[in-house]
Structure formats: structure tokens, C-alpha cells
Amino acid sequence: MEIGNTDAVRLTDVSKVYGRRANQVVALEEVTTAFGRGTFTAIMGPSGSGKSTLLQCAAGLDQPTSGSVLLDGHEISTMDETELTMLRRERIGFVFQSFNLLPVLTVRQNVTLPLRLGGRKPARGRVSQVLEQVGLGQRSNHRPAELSGGQQQRVAIARALITDPAVIFADEPTGSLDTRSARDVLTLLSGSARSTGQTIVMVTHDPVAASYADRVLFLADGRLAGELHSPTAESVAERMTRLGAFADEDDLARAGAVRGGQR
Ligand SMILES: Nc1ncnc2c1ncn2[C@@H]1O[C@H](COP(=O)(O)OP(=O)(O)OP(=O)(O)O)[C@@H](O)[C@H]1O
């Protein structure tokens, strides 16, 4: 069922409780929000605030305890595992901190893998087009070990883009990259939202990374704790400090670097 609306994902009163009785952890509590088509949203919050849980529930990798998740017009909270697997394969792209490329496959083979797993072939010229889009047109026959971290992450983004997904979910996509590679990856993500209307939802701890998004959603203790539109690294860092997120020295140093104007 496809419904005509402008939201790629809509969560209504989503709660997630792990464990039973005395050991219960409320990871998400009645979260209601939406991710509009063609938008780039960053999700931020202190450690343990529910960011990964939100991403997993929104992407159909985990089922909420209660509430509704409408993804690309499909109610996923009532789907069984087979239906969810199909939906994830067809309509969702994933990008992880650790790239998750297969070392024995070439760049081209890695990028086409999601299609081949679904028994499909890429349309003529599509793989080259996507590789050009991520700036790796000349690297299609290389293997991941022959590429830098930033280039490997761009292969992972090409692999996410190839299925033309309704949403790309990215979990700390710049977490293991140097500043310059991180900037390339973030520019690519924000560019694909702006130029091709790709919807992107990204979890990050980094205010600079979040500043590339159109909107930042803040979580605290499993609940929504406000949002910022057209964020700057400074405004995000300030909000995170207020949420008590920068509790250790590394985080404080990063917030300080941000105020020094990294971007
Ligand atoms: N499988 C699980 N079983 C029990 N508790 C869990 C499970 N997964 C997450 N939690 C708990 O749910 C809460 C939210 O966790 P989550 O991983 O979503 O937070 P996060 O904001 O992504 O944290 P971080 O920034 O540290 O990665 C935490 O208290 C965590 O301990």
C-alpha cells in the first residue's frame, strides 16, 4: 500500500521497552515525529538517550513495543520478519560507521550486491552513474583494501543509493573518518538530499556532522527533547551541552573545537 504524503517515515507514539519487570529499560517513550521526503535529519542526544533504538525502529530492524511506524506508506510495526526483510532490501539503504563492505568483492560488485541479493540487475549505466555521483568513477575495479576510509564509506553510500531507497539510515557514518574525509561524506549525503531528493536520517555524536543536516532532532532519556532547523555546529553544541551530553573531556574538547570554527 502506498499512500500519497510528503513523509518518507512517520513515527507515532513509538515506545520501546527492553527487558522485563525489575530489569526493564525504557529506551524510547512515546516518540512522535516524521522525516519528510528529500530531507536530511540528524539525530543527537547523550549516550543512552535512545538514538540507535529510534533508528532501528524507524528502519524496521527492530519492532517497537507500542506505537506505529509508517515507512514509505507501509505500516511496519505489524509486519512479520519476511515482509520486513523484503521491505528493508527494496526500500531502505544503510550506512554504518564500519562501512561493512565485502573485502573480496570489487567496488562495482559491492555496490550491486543489494540488487543481486534481490534477484535484480542494475539498469544499464546506473552503477557508473552512482559511482560518478560519489566520486569513484575511476575505482570500480578496486577492492576495499585499496581505498581510503573515506572512499570506502563513499562505496557504502553508493551501495545504499543503488536501490533508489525511500530512506537512507546512517549510523555514525563519519565516526571513524578523519576531518576531511568526513566532510566529503557529509557533503555527499547533504548533496544527495538536495539534488536528488534522497531522504536521509543520520545518528551522530558530532555537532559538525549534524550541522550538514536540514534539521537536528534531540533525544534525552528516550524522549524527544526539541529540534533545530538549519543548524550550525555552534547551535547544536550549545543544545547538546544543555542536555548534559558533553560529560567527558573528549566531548568537551570537541565542543570547544566546534566553537573554534572547524567548518
Ligand atoms: N538490547 C537491549 N537490551 C536492553 N537494553 C538495551 C538494549 N539496547 C539498548 N538498550 C538500552 O536502551 C537505552 C537506549 O540505548 P541506545 O543504544 O538506543 O542509546 P544511544 O543514544 O544510541 O546511545 P549511544 O550514544 O551510547 O550509542 C540505553 O539505556 C541502553 O542501555
# chains A, B, ... in the order shown; residues from 1 in each chain; ligands from 1
>>> residues_near_ligand(ligand="ligand 1", cutoff="10 Å", atoms="only C-alpha atoms and all ligand atoms", output="VMD selection string")
chain A and resid 16 to 20 23 to 28 43 to 57 62 171 to 172 203 to 205 218 to 222 245
>>> residues_around(residues="segment 87-100 of chain A", least_positions_apart="6", cutoff="7 Å", atoms="only C-alpha atoms", output="PDB file with C-alpha atoms, in the first residue's frame")
ATOM      1  CA  PRO A 114      21.844  -5.432  -2.700  1.00  0.00           C
ATOM      2  CA  GLN A 152      35.210   3.066   1.381  1.00  0.00           C
ATOM      3  CA  GLN A 153      32.405   4.969   3.052  1.00  0.00           C
ATOM      4  CA  ALA A 156      28.880   2.153   1.079  1.00  0.00           C
ATOM      5  CA  ILE A 157      26.825   5.242   0.186  1.00  0.00           C
ATOM      6  CA  ALA A 160      22.791   2.422  -0.378  1.00  0.00           C
ATOM      7  CA  LEU A 161      21.820   4.691  -3.300  1.00  0.00           C
ATOM      8  CA  THR A 163      18.303   0.624  -4.939  1.00  0.00           C
ATOM      9  CA  PRO A 165      15.595   3.698  -1.486  1.00  0.00           C
ATOM     10  CA  ALA A 166      12.824   5.645   0.217  1.00  0.00           C
ATOM     11  CA  VAL A 167      15.236   6.384   3.076  1.00  0.00           C
ATOM     12  CA  ILE A 168      18.924   6.006   3.850  1.00  0.00           C
ATOM     13  CA  PHE A 169      19.646   5.411   7.540  1.00  0.00           C
ATOM     14  CA  ALA A 170      23.201   6.256   8.546  1.00  0.00           C
ATOM     15  CA  ASP A 171      24.583   5.316  11.972  1.00  0.00           C
ATOM     16  CA  GLU A 172      27.652   7.419  12.818  1.00  0.00           C
ATOM     17  CA  PRO A 173      28.793   7.392   9.159  1.00  0.00           C
ATOM     18  CA  THR A 174      31.744   9.679   9.882  1.00  0.00           C
ATOM     19  CA  GLY A 175      32.654   8.140  13.247  1.00  0.00           C
ATOM     20  CA  SER A 176      35.860   6.546  12.000  1.00  0.00           C
TER      21      SER A 176
END
>>> atom_distance(atom1="atom CA of Phe35 of chain A", atom2="atom CA of Val9 of chain A")
5.2 Å
>>> residues_around(residues="segment 117-131 of chain A", least_positions_apart="3", cutoff="8 Å", atoms="only C-alpha atoms", output="PDB file with N, CA and C atoms, in the first residue's frame")
ATOM      1  N   ARG A  89      15.195  -4.575   2.095  1.00  0.00           N
ATOM      2  CA  ARG A  89      16.032  -4.794   0.911  1.00  0.00           C
ATOM      3  C   ARG A  89      15.634  -3.864  -0.231  1.00  0.00           C
ATOM      4  N   GLU A  90      14.326  -3.666  -0.380  1.00  0.00           N
ATOM      5  CA  GLU A  90      13.825  -2.906  -1.528  1.00  0.00           C
ATOM      6  C   GLU A  90      13.825  -1.396  -1.294  1.00  0.00           C
ATOM      7  N   ARG A 108      32.533  -2.218  -7.704  1.00  0.00           N
ATOM      8  CA  ARG A 108      31.318  -2.407  -8.500  1.00  0.00           C
ATOM      9  C   ARG A 108      30.457  -3.554  -7.954  1.00  0.00           C
ATOM     10  N   VAL A 111      28.744  -2.574  -4.738  1.00  0.00           N
ATOM     11  CA  VAL A 111      27.635  -1.639  -4.956  1.00  0.00           C
ATOM     12  C   VAL A 111      26.396  -2.370  -5.492  1.00  0.00           C
ATOM     13  N   THR A 112      26.609  -3.375  -6.335  1.00  0.00           N
ATOM     14  CA  THR A 112      25.452  -4.049  -6.946  1.00  0.00           C
ATOM     15  C   THR A 112      24.895  -5.183  -6.081  1.00  0.00           C
ATOM     16  N   LEU A 113      25.596  -5.490  -4.984  1.00  0.00           N
ATOM     17  CA  LEU A 113      25.184  -6.639  -4.164  1.00  0.00           C
ATOM     18  C   LEU A 113      23.725  -6.583  -3.697  1.00  0.00           C
ATOM     19  N   PRO A 114      23.247  -5.446  -3.169  1.00  0.00           N
ATOM     20  CA  PRO A 114      21.844  -5.432  -2.700  1.00  0.00           C
ATOM     21  C   PRO A 114      20.854  -5.771  -3.816  1.00  0.00           C
ATOM     22  N   VAL A 134      29.339   9.518  -6.357  1.00  0.00           N
ATOM     23  CA  VAL A 134      30.128   9.504  -5.111  1.00  0.00           C
ATOM     24  C   VAL A 134      31.616   9.776  -5.365  1.00  0.00           C
ATOM     25  N   GLY A 135      31.948  10.108  -6.616  1.00  0.00           N
ATOM     26  CA  GLY A 135      33.325  10.494  -6.935  1.00  0.00           C
ATOM     27  C   GLY A 135      34.277   9.320  -7.082  1.00  0.00           C
ATOM     28  N   LEU A 136      33.755   8.126  -7.415  1.00  0.00           N
ATOM     29  CA  LEU A 136      34.617   6.949  -7.527  1.00  0.00           C
ATOM     30  C   LEU A 136      34.497   6.273  -8.897  1.00  0.00           C
ATOM     31  N   GLY A 137      34.207   7.082  -9.912  1.00  0.00           N
ATOM     32  CA  GLY A 137      34.044   6.545 -11.260  1.00  0.00           C
ATOM     33  C   GLY A 137      35.262   5.772 -11.749  1.00  0.00           C
ATOM     34  N   SER A 140      36.100   1.524  -9.966  1.00  0.00           N
ATOM     35  CA  SER A 140      35.088   0.465  -9.903  1.00  0.00           C
ATOM     36  C   SER A 140      35.671  -0.942  -9.788  1.00  0.00           C
ATOM     37  N   VAL A 155      31.776   4.225  -1.113  1.00  0.00           N
ATOM     38  CA  VAL A 155      31.281   2.996  -1.760  1.00  0.00           C
ATOM     39  C   VAL A 155      30.010   2.533  -1.037  1.00  0.00           C
ATOM     40  N   ALA A 158      27.210   4.606  -2.140  1.00  0.00           N
ATOM     41  CA  ALA A 158      26.777   4.202  -3.492  1.00  0.00           C
ATOM     42  C   ALA A 158      25.921   2.935  -3.406  1.00  0.00           C
ATOM     43  N   LEU A 161      22.577   3.911  -2.295  1.00  0.00           N
ATOM     44  CA  LEU A 161      21.820   4.691  -3.300  1.00  0.00           C
ATOM     45  C   LEU A 161      21.299   3.828  -4.449  1.00  0.00           C
ATOM     46  N   ILE A 162      21.982   2.711  -4.738  1.00  0.00           N
ATOM     47  CA  ILE A 162      21.724   1.966  -5.971  1.00  0.00           C
ATOM     48  C   ILE A 162      20.284   1.436  -6.065  1.00  0.00           C
TER      49      ILE A 162
END
>>> select_by_dssp(residues="segment 102-201 of chain A", states="strand (DSSP E)", output="list in words")
Val167, Ile168, Phe169, Ala170, Asp171, Ile200 and Val201 of chain A
>>> select_by_dssp(residues="segment 23-247 of chain A", states="helix (DSSP H, G or I)", output="PyMOL selection string")
chain A and resi 23+51-58+76-78+81-91+107-117+126-133+137-139+144-146+149-161+179-196+207-210+233-242
>>> closest_residue(among="A:Leu243, A:Leu84, A:Val236, A:Leu105", to="His142 of chain A", atoms="only C-alpha atoms")
A:Leu105
>>> residues_around(residues="segment 224-234 of chain A", least_positions_apart="3", cutoff="6 Å", atoms="only C-alpha atoms", output="list in words")
Pro207, Val208, Ser211, Asp214, Arg215, Val216, Leu217, Phe218, Leu219, Ala220, Ala237 and Arg259 of chain A
>>> write_last_selection(atoms="C-alpha atoms", output="short mmCIF file (atom, residue, chain, number, x, y, z; two decimals), in the first residue's frame")
data_model
loop_
_atom_site.label_atom_id
_atom_site.label_comp_id
_atom_site.auth_asym_id
_atom_site.auth_seq_id
_atom_site.Cartn_x
_atom_site.Cartn_y
_atom_site.Cartn_z
CA PRO A 207 27.87 18.73 16.14
CA VAL A 208 29.86 19.49 12.98
CA SER A 211 25.29 20.90 11.00
CA ASP A 214 18.45 20.37 7.45
CA ARG A 215 17.17 19.54 10.90
CA VAL A 216 18.53 18.10 14.13
CA LEU A 217 16.28 16.07 16.41
CA PHE A 218 17.40 15.82 20.03
CA LEU A 219 16.66 12.91 22.33
CA ALA A 220 17.08 12.73 26.10
CA ALA A 237 26.92 22.01 20.52
CA ARG A 259 33.31 26.87 18.69
#
>>> residues_around(residues="Gly150 of chain A", least_positions_apart="4", cutoff="7 Å", atoms="only C-alpha atoms", output="list in words")
Arg154, Leu177, Ser181, Ala182 and Val185 of chain A
>>> write_last_selection(atoms="N, CA and C atoms", output="mmCIF file, in the first residue's frame")
data_model
loop_
_atom_site.group_PDB
_atom_site.id
_atom_site.type_symbol
_atom_site.label_atom_id
_atom_site.label_comp_id
_atom_site.auth_asym_id
_atom_site.auth_seq_id
_atom_site.Cartn_x
_atom_site.Cartn_y
_atom_site.Cartn_z
ATOM 1 N N ARG A 154 32.262 6.077 0.888
ATOM 2 C CA ARG A 154 31.524 6.531 -0.303
ATOM 3 C C ARG A 154 31.030 5.341 -1.135
ATOM 4 N N LEU A 177 36.227 8.421 10.498
ATOM 5 C CA LEU A 177 36.922 9.126 9.403
ATOM 6 C C LEU A 177 37.652 10.361 9.916
ATOM 7 N N SER A 181 37.862 13.582 5.187
ATOM 8 C CA SER A 181 37.017 12.531 4.608
ATOM 9 C C SER A 181 35.595 12.649 5.129
ATOM 10 N N ALA A 182 35.473 13.003 6.410
ATOM 11 C CA ALA A 182 34.138 13.175 6.996
ATOM 12 C C ALA A 182 33.386 14.274 6.251
ATOM 13 N N VAL A 185 32.123 13.010 2.914
ATOM 14 C CA VAL A 185 30.974 12.112 3.068
ATOM 15 C C VAL A 185 29.710 12.912 3.408
#
>>> closest_residue(among="A:Val107, A:Leu70, A:Leu101, A:Met86", to="Ala8 of chain A", atoms="only C-alpha atoms")
A:Leu70
